[in-house]
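Since the structure comes first, as structure tokens, the remarks are kept for the end.
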Amino acid sequence: MTIQIYNTLTRQKEDFVPQVPNQVSMYVCGPTVYNYIHIGNARSAVAFDTVRRYLQYRGYQVNYVSNFTDVDDKIIKAAKAEDLSTEALSDKYIAAFKEDTAAINILPANIHPRVKDHITEIIDYIKVLIESDHAYASQGDVYFRTQSFDGYGKLSHQSISELEIGASQRTDTAETDRKEDPLDFALWKSAKEGEVSWPSPWGPGRPGWHIECSVMSTKYLGDTLDIHGGGQDLEFPHHENEIAQAEAHNHGENFANYWMHNGFVTFGEDGEKMSKSLGNFVLLRDLLKEADPMVVRYLLGTVHYRRPLRYDDQALQEAQTNIKRLEEVSRRLDLRLANATTQANLDTDEANLAVLAQLEADFIQAMDDDFNAANGMTVIFELVKEINRYLQSEVVSEKVLSKMQEIFKDLLAIFGLVFETKEDLLDQEIQALIDERNVARKAKDFGRADEIRDQLKEQGIYLDDTPQGTTWKRG
């Protein structure tokens, strides 16, 4: 079976064929570190963490690079507001990003490059673009000459004429005067008084936003990437500009073979995009104060990555309900495995193992189709049904249960879902429930008595009512 990826560049699903067999180079645009991340930012991080994990599950070695934008207008403004240097502000929010994403089990990138550490490489890159007439200096700024790149607009599927109209409406008069064309974009910005800056051939200044990703991605992953990912809002102009810079710099060599973009998080029934600019965002760390990290991870990671993800109390409650189901079957598996028989029943065991193999194949088929997390989770819940059915058996096989546990944990791990093993009920807690059940039976409250028996059975505790009283054992 071959993984298929929906490529934004071609607007269709394509067979995934990496440049080097069994190896994947993957770059994902990271956050601009001027504030704590909201769950829209986290959704992108979760989506591509899931893609990375699935590729690894399918046997690929993934070199995953995701940047921190630590030189930016927003950072300069926020640093002034917090009375910090831009570097101190960035350090603060990078540490917060790592803490918050670790809480929902997002793997750190192999490399997290920062703009401030790559100024020399950025200046050298810009020099090459100027020398090849793809860029020009103007009053201390440097701009990319957009009309010099024939493929501009190919990612967002817009024509140069359409883009020209939009650019002329967005650009302020002072900047327009410095440009040859309204569509040209900044590679280097001249320093304003009091702003962080570095020396350059064009005077003191700092990099434009787009150039950093072209430089850092190719430095660590080579001139052509297998996968480039990011939020849907980055498709234009950020990723469009990355392509223009990189392919102009590298003499037309393809910058990225597969472009992936995750959908927005929407707020409530109105479906309004969540963003800091709209003021309707929920910080990830605030949500984690009231919700279990695995519930948050489930919420953000089990809708197809290209689809909008609705956030509201109902969606959070649904995620919590599903996590409880998964957590419970994980706990019951652990309990029954401790007392499973090692005696093989070849016919029965092989039949059960065949069912498990088919479910695993169904999962792969679902996820190979453009990492369809929703369909993948549907298969996992089919596996849950199969596990629960098998756990009803009076005698269970260690071989079958071990395979169930292995597949269950492996598939959940792709979604970053892990459950801590909870301690068994203490003997005195079990006895207290048995005493309560005895009282209920004497009062002819058989509903409550049965409820307690079922509650204990779910936790691997089996009761035996004898003339001498009720005894129990761990199952």
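Ordering of the structure tokens sets the chain letters (A, B, ...); residue numbers start at 1 within each chain; ligands are numbered from 1 in the order shown.
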Check your understanding: Neighbours of segment 27-37 of chain A within 7 Å (only C-alpha atoms; same-chain residues fewer than 6 positions away dropped), as a ChimeraX atom specification?
Key -> /A:64-70,74-75,78,89-90,93-94,96-97,217,227-230,283-284
Practice item. Going by DSSP on the backbone, which bits of segment 266-328 of chain A are strand (DSSP E)? Write them as a VMD selection string, please. Key: chain A and resid 266 to 267 272 to 273 309 to 311
**Study point:** Nearest candidate to Gly376 of chain A (options A:Ala45, A:Leu225, A:Ile104, A:Ala361; using only C-alpha atoms)
**Key:**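 Going through A:Ala45, A:Leu225, A:Ile104, A:Ala361 one by one, the smallest distance to Gly376 of chain A is for A:Ala361.
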**Study point:** Selected residue, from A:Ala42, A:Leu221, A:Leu288, A:Val196, that lies nearest to Lys77 of chain A when counting only C-alpha atoms
**Key:**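 That would be A:Val196, the residue with the smallest distance to Lys77 of chain A.
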Practice item. Name the residues of segment 155-315 of chain A that fall into alpha helix (DSSP H) according to DSSP on the backbone, using the chain letters and numbers of this document, as a PyMOL selection string. Key: chain A and resi 160-170+173-178+209-221+240-249+284-287+293-301+313-315
May I have the residues within 12 Å of Leu300 of chain A as an mmCIF file with all heavy atoms, in the first residue's frame, using only C-alpha atoms and disregarding those fewer than 2 positions away in the same chain?
```cif
data_model
loop_
_atom_site.group_PDB
_atom_site.id
_atom_site.type_symbol
_atom_site.label_atom_id
_atom_site.label_comp_id
_atom_site.auth_asym_id
_atom_site.auth_seq_id
_atom_site.Cartn_x
_atom_site.Cartn_y
_atom_site.Cartn_z
ATOM 1 N N HIS A 38 -2.258 29.708 21.081
ATOM 2 C CA HIS A 38 -3.667 29.369 21.241
ATOM 3 C C HIS A 38 -3.930 28.021 20.577
ATOM 4 O O HIS A 38 -3.037 27.435 19.943
ATOM 5 C CB HIS A 38 -4.589 30.476 20.708
ATOM 6 C CG HIS A 38 -4.432 30.796 19.261
ATOM 7 N ND1 HIS A 38 -4.761 29.924 18.246
ATOM 8 C CD2 HIS A 38 -3.999 31.915 18.628
ATOM 9 C CE1 HIS A 38 -4.556 30.477 17.073
ATOM 10 N NE2 HIS A 38 -4.073 31.680 17.268
ATOM 11 N N ILE A 39 -5.143 27.507 20.718
ATOM 12 C CA ILE A 39 -5.393 26.142 20.255
ATOM 13 C C ILE A 39 -5.424 26.054 18.727
ATOM 14 O O ILE A 39 -5.297 24.963 18.175
ATOM 15 C CB ILE A 39 -6.668 25.528 20.873
ATOM 16 C CG1 ILE A 39 -7.913 26.334 20.518
ATOM 17 C CG2 ILE A 39 -6.519 25.423 22.388
ATOM 18 C CD1 ILE A 39 -9.205 25.649 20.985
ATOM 19 N N GLY A 40 -5.552 27.203 18.042
ATOM 20 C CA GLY A 40 -5.389 27.182 16.590
ATOM 21 C C GLY A 40 -3.956 26.872 16.207
ATOM 22 O O GLY A 40 -3.699 26.071 15.297
ATOM 23 N N ASN A 41 -2.998 27.499 16.905
ATOM 24 C CA ASN A 41 -1.583 27.168 16.697
ATOM 25 C C ASN A 41 -1.325 25.714 17.045
ATOM 26 O O ASN A 41 -0.612 24.992 16.334
ATOM 27 C CB ASN A 41 -0.678 28.036 17.576
ATOM 28 C CG ASN A 41 -0.941 29.525 17.469
ATOM 29 O OD1 ASN A 41 -1.021 30.215 18.483
ATOM 30 N ND2 ASN A 41 -1.067 30.028 16.259
ATOM 31 N N ALA A 42 -1.906 25.278 18.162
ATOM 32 C CA ALA A 42 -1.685 23.909 18.630
ATOM 33 C C ALA A 42 -2.261 22.892 17.656
ATOM 34 O O ALA A 42 -1.703 21.800 17.480
ATOM 35 C CB ALA A 42 -2.306 23.718 20.015
ATOM 36 N N ARG A 43 -3.359 23.234 16.994
ATOM 37 C CA ARG A 43 -3.970 22.312 16.035
ATOM 38 C C ARG A 43 -2.974 21.983 14.916
ATOM 39 O O ARG A 43 -2.844 20.828 14.499
ATOM 40 C CB ARG A 43 -5.244 22.940 15.457
ATOM 41 C CG ARG A 43 -6.182 21.949 14.728
ATOM 42 C CD ARG A 43 -5.855 21.715 13.267
ATOM 43 N NE ARG A 43 -6.584 20.589 12.716
ATOM 44 C CZ ARG A 43 -7.659 20.684 11.944
ATOM 45 N NH1 ARG A 43 -8.147 21.857 11.636
ATOM 46 N NH2 ARG A 43 -8.233 19.598 11.461
ATOM 47 N N SER A 44 -2.265 23.012 14.421
ATOM 48 C CA SER A 44 -1.283 22.785 13.371
ATOM 49 C C SER A 44 -0.151 21.899 13.875
ATOM 50 O O SER A 44 0.268 20.953 13.196
ATOM 51 C CB SER A 44 -0.719 24.119 12.873
ATOM 52 O OG SER A 44 0.176 23.913 11.811
ATOM 53 N N ALA A 45 0.326 22.184 15.081
ATOM 54 C CA ALA A 45 1.414 21.382 15.653
ATOM 55 C C ALA A 45 0.990 19.928 15.840
ATOM 56 O O ALA A 45 1.753 18.999 15.555
ATOM 57 C CB ALA A 45 1.867 21.984 16.979
ATOM 58 N N VAL A 46 -0.243 19.714 16.289
ATOM 59 C CA VAL A 46 -0.765 18.356 16.480
ATOM 60 C C VAL A 46 -0.934 17.655 15.141
ATOM 61 O O VAL A 46 -0.588 16.469 14.986
ATOM 62 C CB VAL A 46 -2.105 18.394 17.254
ATOM 63 C CG1 VAL A 46 -2.822 17.050 17.162
ATOM 64 C CG2 VAL A 46 -1.880 18.759 18.706
ATOM 65 N N ALA A 47 -1.472 18.363 14.142
ATOM 66 C CA ALA A 47 -1.711 17.748 12.830
ATOM 67 C C ALA A 47 -0.419 17.194 12.243
ATOM 68 O O ALA A 47 -0.367 16.041 11.787
ATOM 69 C CB ALA A 47 -2.334 18.764 11.879
ATOM 70 N N PHE A 48 0.636 17.989 12.282
ATOM 71 C CA PHE A 48 1.873 17.548 11.646
ATOM 72 C C PHE A 48 2.680 16.611 12.542
ATOM 73 O O PHE A 48 3.460 15.794 12.037
ATOM 74 C CB PHE A 48 2.683 18.756 11.177
ATOM 75 C CG PHE A 48 2.021 19.452 10.025
ATOM 76 C CD1 PHE A 48 1.388 20.677 10.191
ATOM 77 C CD2 PHE A 48 1.962 18.846 8.777
ATOM 78 C CE1 PHE A 48 0.738 21.294 9.135
ATOM 79 C CE2 PHE A 48 1.317 19.454 7.711
ATOM 80 C CZ PHE A 48 0.703 20.677 7.891
ATOM 81 N N ASP A 49 2.450 16.677 13.849
ATOM 82 C CA ASP A 49 3.028 15.662 14.734
ATOM 83 C C ASP A 49 2.413 14.301 14.421
ATOM 84 O O ASP A 49 3.110 13.275 14.409
ATOM 85 C CB ASP A 49 2.770 16.033 16.200
ATOM 86 C CG ASP A 49 3.398 15.050 17.180
ATOM 87 O OD1 ASP A 49 4.642 14.926 17.184
ATOM 88 O OD2 ASP A 49 2.648 14.400 17.931
ATOM 89 N N THR A 50 1.111 14.278 14.146
ATOM 90 C CA THR A 50 0.428 13.028 13.792
ATOM 91 C C THR A 50 0.938 12.491 12.454
ATOM 92 O O THR A 50 1.175 11.282 12.308
ATOM 93 C CB THR A 50 -1.096 13.253 13.742
ATOM 94 O OG1 THR A 50 -1.537 13.792 14.989
ATOM 95 C CG2 THR A 50 -1.827 11.947 13.467
ATOM 96 N N THR A 101 3.337 22.328 24.453
ATOM 97 C CA THR A 101 3.211 21.247 23.472
ATOM 98 C C THR A 101 3.620 19.903 24.062
ATOM 99 O O THR A 101 3.046 18.865 23.704
ATOM 100 C CB THR A 101 4.037 21.551 22.212
ATOM 101 O OG1 THR A 101 5.396 21.844 22.569
ATOM 102 C CG2 THR A 101 3.453 22.731 21.454
ATOM 103 N N ILE A 104 0.721 18.053 25.745
ATOM 104 C CA ILE A 104 -0.198 17.268 24.904
ATOM 105 C C ILE A 104 0.583 16.294 24.015
ATOM 106 O O ILE A 104 0.091 15.858 22.977
ATOM 107 C CB ILE A 104 -1.145 18.162 24.086
ATOM 108 C CG1 ILE A 104 -0.387 19.164 23.226
ATOM 109 C CG2 ILE A 104 -2.122 18.882 25.017
ATOM 110 C CD1 ILE A 104 -1.283 19.955 22.288
ATOM 111 N N ASN A 105 1.794 15.989 24.446
ATOM 112 C CA ASN A 105 2.597 14.911 23.850
ATOM 113 C C ASN A 105 2.939 15.157 22.384
ATOM 114 O O ASN A 105 2.894 14.242 21.562
ATOM 115 C CB ASN A 105 1.880 13.565 24.002
ATOM 116 C CG ASN A 105 2.836 12.390 23.855
ATOM 117 O OD1 ASN A 105 4.048 12.523 24.045
ATOM 118 N ND2 ASN A 105 2.301 11.230 23.518
ATOM 119 N N ILE A 106 3.301 16.397 22.055
ATOM 120 C CA ILE A 106 3.844 16.697 20.738
ATOM 121 C C ILE A 106 5.352 16.498 20.799
ATOM 122 O O ILE A 106 6.024 17.060 21.663
ATOM 123 C CB ILE A 106 3.509 18.131 20.306
ATOM 124 C CG1 ILE A 106 2.001 18.268 20.073
ATOM 125 C CG2 ILE A 106 4.277 18.525 19.052
ATOM 126 C CD1 ILE A 106 1.552 19.684 19.776
ATOM 127 N N ASN A 262 -3.040 22.554 7.031
ATOM 128 C CA ASN A 262 -4.132 22.170 7.926
ATOM 129 C C ASN A 262 -5.199 23.252 7.987
ATOM 130 O O ASN A 262 -4.935 24.440 7.787
ATOM 131 C CB ASN A 262 -3.614 21.902 9.342
ATOM 132 C CG ASN A 262 -3.060 23.142 10.024
ATOM 133 O OD1 ASN A 262 -1.894 23.475 9.819
ATOM 134 N ND2 ASN A 262 -3.864 23.818 10.823
ATOM 135 N N GLY A 263 -6.438 22.814 8.266
ATOM 136 C CA GLY A 263 -7.567 23.731 8.349
ATOM 137 C C GLY A 263 -7.573 24.524 9.641
ATOM 138 O O GLY A 263 -6.828 24.244 10.589
ATOM 139 N N PHE A 264 -8.445 25.520 9.694
ATOM 140 C CA PHE A 264 -8.546 26.407 10.849
ATOM 141 C C PHE A 264 -9.296 25.734 11.996
ATOM 142 O O PHE A 264 -10.084 24.803 11.793
ATOM 143 C CB PHE A 264 -9.303 27.686 10.477
ATOM 144 C CG PHE A 264 -8.623 28.518 9.422
ATOM 145 C CD1 PHE A 264 -9.322 28.948 8.307
ATOM 146 C CD2 PHE A 264 -7.287 28.873 9.543
ATOM 147 C CE1 PHE A 264 -8.711 29.720 7.331
ATOM 148 C CE2 PHE A 264 -6.657 29.648 8.576
ATOM 149 C CZ PHE A 264 -7.363 30.066 7.465
ATOM 150 N N VAL A 265 -9.078 26.255 13.201
ATOM 151 C CA VAL A 265 -9.974 25.976 14.318
ATOM 152 C C VAL A 265 -11.044 27.057 14.290
ATOM 153 O O VAL A 265 -10.737 28.250 14.192
ATOM 154 C CB VAL A 265 -9.222 26.008 15.670
ATOM 155 C CG1 VAL A 265 -10.215 25.897 16.832
ATOM 156 C CG2 VAL A 265 -8.219 24.868 15.749
ATOM 157 N N THR A 266 -12.305 26.635 14.329
ATOM 158 C CA THR A 266 -13.412 27.596 14.340
ATOM 159 C C THR A 266 -14.041 27.620 15.720
ATOM 160 O O THR A 266 -13.966 26.645 16.474
ATOM 161 C CB THR A 266 -14.469 27.243 13.283
ATOM 162 O OG1 THR A 266 -15.008 25.940 13.563
ATOM 163 C CG2 THR A 266 -13.859 27.248 11.891
ATOM 164 N N LEU A 284 -3.775 27.563 24.771
ATOM 165 C CA LEU A 284 -3.634 26.146 25.092
ATOM 166 C C LEU A 284 -3.399 25.950 26.576
ATOM 167 O O LEU A 284 -4.015 25.072 27.194
ATOM 168 C CB LEU A 284 -2.482 25.540 24.283
ATOM 169 C CG LEU A 284 -2.140 24.084 24.591
ATOM 170 C CD1 LEU A 284 -3.326 23.173 24.332
ATOM 171 C CD2 LEU A 284 -0.932 23.638 23.767
ATOM 172 N N PRO A 293 -4.942 16.685 29.418
ATOM 173 C CA PRO A 293 -4.139 16.850 28.199
ATOM 174 C C PRO A 293 -4.502 15.876 27.091
ATOM 175 O O PRO A 293 -4.470 16.236 25.902
ATOM 176 C CB PRO A 293 -2.706 16.618 28.688
ATOM 177 C CG PRO A 293 -2.728 16.997 30.128
ATOM 178 C CD PRO A 293 -4.084 16.593 30.624
ATOM 179 N N MET A 294 -4.862 14.632 27.461
ATOM 180 C CA MET A 294 -5.216 13.667 26.430
ATOM 181 C C MET A 294 -6.560 14.007 25.775
ATOM 182 O O MET A 294 -6.773 13.712 24.599
ATOM 183 C CB MET A 294 -5.253 12.249 27.011
ATOM 184 C CG MET A 294 -3.886 11.703 27.392
ATOM 185 S SD MET A 294 -2.729 11.545 25.989
ATOM 186 C CE MET A 294 -1.787 13.090 26.089
ATOM 187 N N VAL A 295 -7.448 14.640 26.521
ATOM 188 C CA VAL A 295 -8.719 15.100 25.942
ATOM 189 C C VAL A 295 -8.442 16.200 24.916
ATOM 190 O O VAL A 295 -9.006 16.204 23.807
ATOM 191 C CB VAL A 295 -9.672 15.608 27.044
ATOM 192 C CG1 VAL A 295 -10.901 16.277 26.430
ATOM 193 C CG2 VAL A 295 -10.096 14.451 27.951
ATOM 194 N N VAL A 296 -7.554 17.121 25.269
ATOM 195 C CA VAL A 296 -7.192 18.204 24.348
ATOM 196 C C VAL A 296 -6.514 17.636 23.108
ATOM 197 O O VAL A 296 -6.813 18.037 21.975
ATOM 198 C CB VAL A 296 -6.285 19.224 25.057
ATOM 199 C CG1 VAL A 296 -5.822 20.301 24.075
ATOM 200 C CG2 VAL A 296 -7.014 19.856 26.241
ATOM 201 N N ARG A 297 -5.605 16.694 23.321
ATOM 202 C CA ARG A 297 -4.916 16.083 22.181
ATOM 203 C C ARG A 297 -5.917 15.387 21.262
ATOM 204 O O ARG A 297 -5.834 15.504 20.029
ATOM 205 C CB ARG A 297 -3.874 15.084 22.688
ATOM 206 C CG ARG A 297 -3.141 14.310 21.594
ATOM 207 C CD ARG A 297 -2.092 15.137 20.899
ATOM 208 N NE ARG A 297 -1.643 14.523 19.658
ATOM 209 C CZ ARG A 297 -0.378 14.468 19.257
ATOM 210 N NH1 ARG A 297 0.574 14.987 20.006
ATOM 211 N NH2 ARG A 297 -0.057 13.920 18.110
ATOM 212 N N TYR A 298 -6.856 14.663 21.844
ATOM 213 C CA TYR A 298 -7.881 13.969 21.049
ATOM 214 C C TYR A 298 -8.703 14.986 20.253
ATOM 215 O O TYR A 298 -8.950 14.804 19.063
ATOM 216 C CB TYR A 298 -8.788 13.151 21.965
ATOM 217 C CG TYR A 298 -9.797 12.305 21.223
ATOM 218 C CD1 TYR A 298 -9.550 10.962 20.977
ATOM 219 C CD2 TYR A 298 -10.993 12.847 20.753
ATOM 220 C CE1 TYR A 298 -10.462 10.183 20.276
ATOM 221 C CE2 TYR A 298 -11.908 12.085 20.053
ATOM 222 C CZ TYR A 298 -11.636 10.749 19.816
ATOM 223 O OH TYR A 298 -12.538 9.984 19.111
ATOM 224 N N THR A 302 -8.076 14.432 15.953
ATOM 225 C CA THR A 302 -8.855 13.328 15.393
ATOM 226 C C THR A 302 -9.891 13.783 14.363
ATOM 227 O O THR A 302 -10.761 13.015 13.973
ATOM 228 C CB THR A 302 -9.550 12.526 16.514
ATOM 229 O OG1 THR A 302 -10.326 13.410 17.319
ATOM 230 C CG2 THR A 302 -8.508 11.833 17.385
ATOM 231 N N VAL A 303 -9.787 15.027 13.926
ATOM 232 C CA VAL A 303 -10.530 15.504 12.748
ATOM 233 C C VAL A 303 -9.526 15.535 11.601
ATOM 234 O O VAL A 303 -8.349 15.826 11.810
ATOM 235 C CB VAL A 303 -11.111 16.905 13.005
ATOM 236 C CG1 VAL A 303 -11.698 17.505 11.729
ATOM 237 C CG2 VAL A 303 -12.157 16.852 14.104
ATOM 238 N N HIS A 304 -9.950 15.201 10.385
ATOM 239 C CA HIS A 304 -9.027 15.234 9.247
ATOM 240 C C HIS A 304 -8.316 16.580 9.216
ATOM 241 O O HIS A 304 -8.942 17.637 9.333
ATOM 242 C CB HIS A 304 -9.792 15.007 7.946
ATOM 243 C CG HIS A 304 -8.898 14.742 6.779
ATOM 244 N ND1 HIS A 304 -8.096 15.715 6.220
ATOM 245 C CD2 HIS A 304 -8.657 13.614 6.064
ATOM 246 C CE1 HIS A 304 -7.402 15.212 5.216
ATOM 247 N NE2 HIS A 304 -7.731 13.928 5.099
ATOM 248 N N TYR A 305 -7.007 16.541 9.041
ATOM 249 C CA TYR A 305 -6.195 17.750 9.203
ATOM 250 C C TYR A 305 -6.592 18.886 8.263
ATOM 251 O O TYR A 305 -6.397 20.069 8.588
ATOM 252 C CB TYR A 305 -4.704 17.419 9.025
ATOM 253 C CG TYR A 305 -4.252 17.193 7.602
ATOM 254 C CD1 TYR A 305 -3.761 18.237 6.816
ATOM 255 C CD2 TYR A 305 -4.329 15.917 7.017
ATOM 256 C CE1 TYR A 305 -3.357 18.029 5.500
ATOM 257 C CE2 TYR A 305 -3.918 15.705 5.706
ATOM 258 C CZ TYR A 305 -3.446 16.763 4.960
ATOM 259 O OH TYR A 305 -3.049 16.558 3.659
ATOM 260 N N ARG A 307 -9.662 19.632 7.309
ATOM 261 C CA ARG A 307 -11.008 20.130 7.597
ATOM 262 C C ARG A 307 -10.978 21.155 8.728
ATOM 263 O O ARG A 307 -10.107 21.107 9.593
ATOM 264 C CB ARG A 307 -11.934 18.979 7.984
ATOM 265 C CG ARG A 307 -12.213 18.007 6.856
ATOM 266 C CD ARG A 307 -13.136 16.887 7.325
ATOM 267 N NE ARG A 307 -14.421 17.404 7.776
ATOM 268 C CZ ARG A 307 -15.444 17.687 6.981
ATOM 269 N NH1 ARG A 307 -15.343 17.513 5.676
ATOM 270 N NH2 ARG A 307 -16.570 18.143 7.477
ATOM 271 N N PRO A 308 -11.946 22.070 8.758
ATOM 272 C CA PRO A 308 -12.054 22.965 9.922
ATOM 273 C C PRO A 308 -12.345 22.135 11.176
ATOM 274 O O PRO A 308 -12.995 21.088 11.103
ATOM 275 C CB PRO A 308 -13.246 23.867 9.578
ATOM 276 C CG PRO A 308 -13.455 23.713 8.118
ATOM 277 C CD PRO A 308 -12.981 22.352 7.748
ATOM 278 N N LEU A 309 -11.879 22.599 12.302
ATOM 279 C CA LEU A 309 -12.102 21.902 13.576
ATOM 280 C C LEU A 309 -12.915 22.825 14.479
ATOM 281 O O LEU A 309 -12.473 23.925 14.822
ATOM 282 C CB LEU A 309 -10.754 21.552 14.222
ATOM 283 C CG LEU A 309 -10.765 20.649 15.448
ATOM 284 C CD1 LEU A 309 -9.427 19.942 15.579
ATOM 285 C CD2 LEU A 309 -11.046 21.427 16.742
ATOM 286 N N ARG A 310 -14.108 22.384 14.822
ATOM 287 C CA ARG A 310 -14.977 23.201 15.668
ATOM 288 C C ARG A 310 -14.585 23.071 17.128
ATOM 289 O O ARG A 310 -14.432 21.972 17.645
ATOM 290 C CB ARG A 310 -16.436 22.775 15.506
ATOM 291 C CG ARG A 310 -17.435 23.683 16.213
ATOM 292 C CD ARG A 310 -18.842 23.121 16.209
ATOM 293 N NE ARG A 310 -19.085 22.264 17.371
ATOM 294 C CZ ARG A 310 -19.228 20.948 17.312
ATOM 295 N NH1 ARG A 310 -19.127 20.319 16.160
ATOM 296 N NH2 ARG A 310 -19.455 20.237 18.405
ATOM 297 N N TYR A 311 -14.430 24.208 17.793
ATOM 298 C CA TYR A 311 -14.159 24.195 19.226
ATOM 299 C C TYR A 311 -15.340 24.804 19.968
ATOM 300 O O TYR A 311 -15.733 25.947 19.714
ATOM 301 C CB TYR A 311 -12.897 24.987 19.568
ATOM 302 C CG TYR A 311 -12.710 25.143 21.071
ATOM 303 C CD1 TYR A 311 -12.169 24.099 21.817
ATOM 304 C CD2 TYR A 311 -13.116 26.295 21.725
ATOM 305 C CE1 TYR A 311 -12.041 24.215 23.187
ATOM 306 C CE2 TYR A 311 -12.986 26.416 23.100
ATOM 307 C CZ TYR A 311 -12.449 25.376 23.819
ATOM 308 O OH TYR A 311 -12.332 25.485 25.190
ATOM 309 N N ASP A 312 -15.916 24.029 20.868
ATOM 310 C CA ASP A 312 -16.919 24.526 21.808
ATOM 311 C C ASP A 312 -17.044 23.492 22.921
ATOM 312 O O ASP A 312 -16.346 22.465 22.924
ATOM 313 C CB ASP A 312 -18.269 24.802 21.130
ATOM 314 C CG ASP A 312 -18.840 23.592 20.381
ATOM 315 O OD1 ASP A 312 -18.454 22.441 20.705
ATOM 316 O OD2 ASP A 312 -19.687 23.790 19.484
ATOM 317 N N ALA A 315 -17.880 19.896 21.714
ATOM 318 C CA ALA A 315 -16.760 19.171 21.113
ATOM 319 C C ALA A 315 -15.797 18.682 22.179
ATOM 320 O O ALA A 315 -15.281 17.563 22.110
ATOM 321 C CB ALA A 315 -16.040 20.080 20.119
ATOM 322 N N LEU A 316 -15.586 19.504 23.200
ATOM 323 C CA LEU A 316 -14.691 19.116 24.292
ATOM 324 C C LEU A 316 -15.282 17.960 25.087
ATOM 325 O O LEU A 316 -14.567 17.019 25.475
ATOM 326 C CB LEU A 316 -14.446 20.320 25.195
ATOM 327 C CG LEU A 316 -13.258 20.241 26.156
ATOM 328 C CD1 LEU A 316 -11.945 20.088 25.401
ATOM 329 C CD2 LEU A 316 -13.213 21.498 27.036
ATOM 330 N N ALA A 319 -14.934 14.708 23.156
ATOM 331 C CA ALA A 319 -13.554 14.229 23.247
ATOM 332 C C ALA A 319 -13.309 13.556 24.601
ATOM 333 O O ALA A 319 -12.666 12.505 24.677
ATOM 334 C CB ALA A 319 -12.585 15.383 23.044
ATOM 335 N N ALA A 373 -7.402 11.000 9.847
ATOM 336 C CA ALA A 373 -7.453 10.689 11.280
ATOM 337 C C ALA A 373 -8.843 10.255 11.723
ATOM 338 O O ALA A 373 -8.982 9.368 12.574
ATOM 339 C CB ALA A 373 -6.990 11.902 12.087
ATOM 340 N N ALA A 374 -9.875 10.875 11.175
ATOM 341 C CA ALA A 374 -11.234 10.520 11.579
ATOM 342 C C ALA A 374 -11.533 9.063 11.256
ATOM 343 O O ALA A 374 -12.066 8.311 12.088
ATOM 344 C CB ALA A 374 -12.236 11.445 10.885
ATOM 345 N N PHE A 415 -1.580 9.033 17.422
ATOM 346 C CA PHE A 415 -2.336 10.239 17.757
ATOM 347 C C PHE A 415 -1.818 10.897 19.034
ATOM 348 O O PHE A 415 -2.454 11.823 19.560
ATOM 349 C CB PHE A 415 -3.822 9.905 17.898
ATOM 350 C CG PHE A 415 -4.439 9.423 16.610
ATOM 351 C CD1 PHE A 415 -4.626 8.074 16.382
ATOM 352 C CD2 PHE A 415 -4.787 10.320 15.625
ATOM 353 C CE1 PHE A 415 -5.175 7.624 15.194
ATOM 354 C CE2 PHE A 415 -5.340 9.884 14.422
ATOM 355 C CZ PHE A 415 -5.525 8.532 14.210
ATOM 356 N N GLY A 416 -0.689 10.403 19.526
ATOM 357 C CA GLY A 416 -0.103 10.991 20.730
ATOM 358 C C GLY A 416 -0.865 10.670 21.995
ATOM 359 O O GLY A 416 -0.691 11.345 23.019
ATOM 360 N N LEU A 417 -1.698 9.640 21.961
ATOM 361 C CA LEU A 417 -2.536 9.294 23.114
ATOM 362 C C LEU A 417 -1.884 8.186 23.933
ATOM 363 O O LEU A 417 -1.659 7.085 23.429
ATOM 364 C CB LEU A 417 -3.924 8.848 22.649
ATOM 365 C CG LEU A 417 -4.720 9.888 21.846
ATOM 366 C CD1 LEU A 417 -6.005 9.286 21.318
ATOM 367 C CD2 LEU A 417 -5.016 11.120 22.699
#
```
Point to revise | For atom CA of Asp83 of chain A and atom CA of Glu195 of chain A, the interatomic separation in Å (one decimal) | key: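 Spanning atom CA of Asp83 of chain A to atom CA of Glu195 of chain A is a straight-line distance of 13.2 Å.
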Check your understanding: Suppose you want the space between atom CA of Leu333 of chain A and atom CA of Glu360 of chain A; what is it in Å?
Key ->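 So the answer is 17.6 Å.
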Exercise for review: Find the residues near Trp198 of chain A: any atom within 12 Å, counting only C-alpha atoms, skip ones fewer than 6 places away on the same chain, and give them as a list in words.
Suggested key: Val71, Val115, Lys116, Asp117, His118, Ile119, Thr120, Ile122, Ile123, Trp188, Lys189, Ser190, Ala191, Lys192, Pro204, Gly205, Arg206 and Pro207 of chain A
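When only C-alpha atoms are used to compute distances to Phe419 of chain A, the closest of the residues A:Asp150, A:Asp334, A:Asp454, A:Glu394 turns out to be A:Asp334.
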Practice item. May I ask which of the residues A:Ser330, A:Gln19, A:Gln343, A:Asn254 is the closest one to Leu391 of chain A, counting only C-alpha atoms? Key: A:Ser330
Practice item. Would you list the contacts of Trp202 of chain A as a ChimeraX atom specification, taking every protein, DNA or RNA residue within 12 Å and counting only C-alpha atoms, but skipping same-chain residues closer than 6 positions in sequence? Key: /A:123,126-127,130,136-143,187-191
Practice item. Would you kindly return, as a PyMOL selection string, each protein, DNA or RNA residue with an atom no farther than 9 Å from any atom of segment 407-409 of chain A, considering only C-alpha atoms and excluding same-chain residues fewer than 4 positions away? Key: chain A and resi 330+356+360+380+383-384+402-403+413-414+417-418
Study note, to complete from the structure: If you count only C-alpha atoms, the residue of A:Arg178, A:Lys13, A:Arg331, A:Lys273 closest to Tyr258 of chain A turns out to be A:Lys13
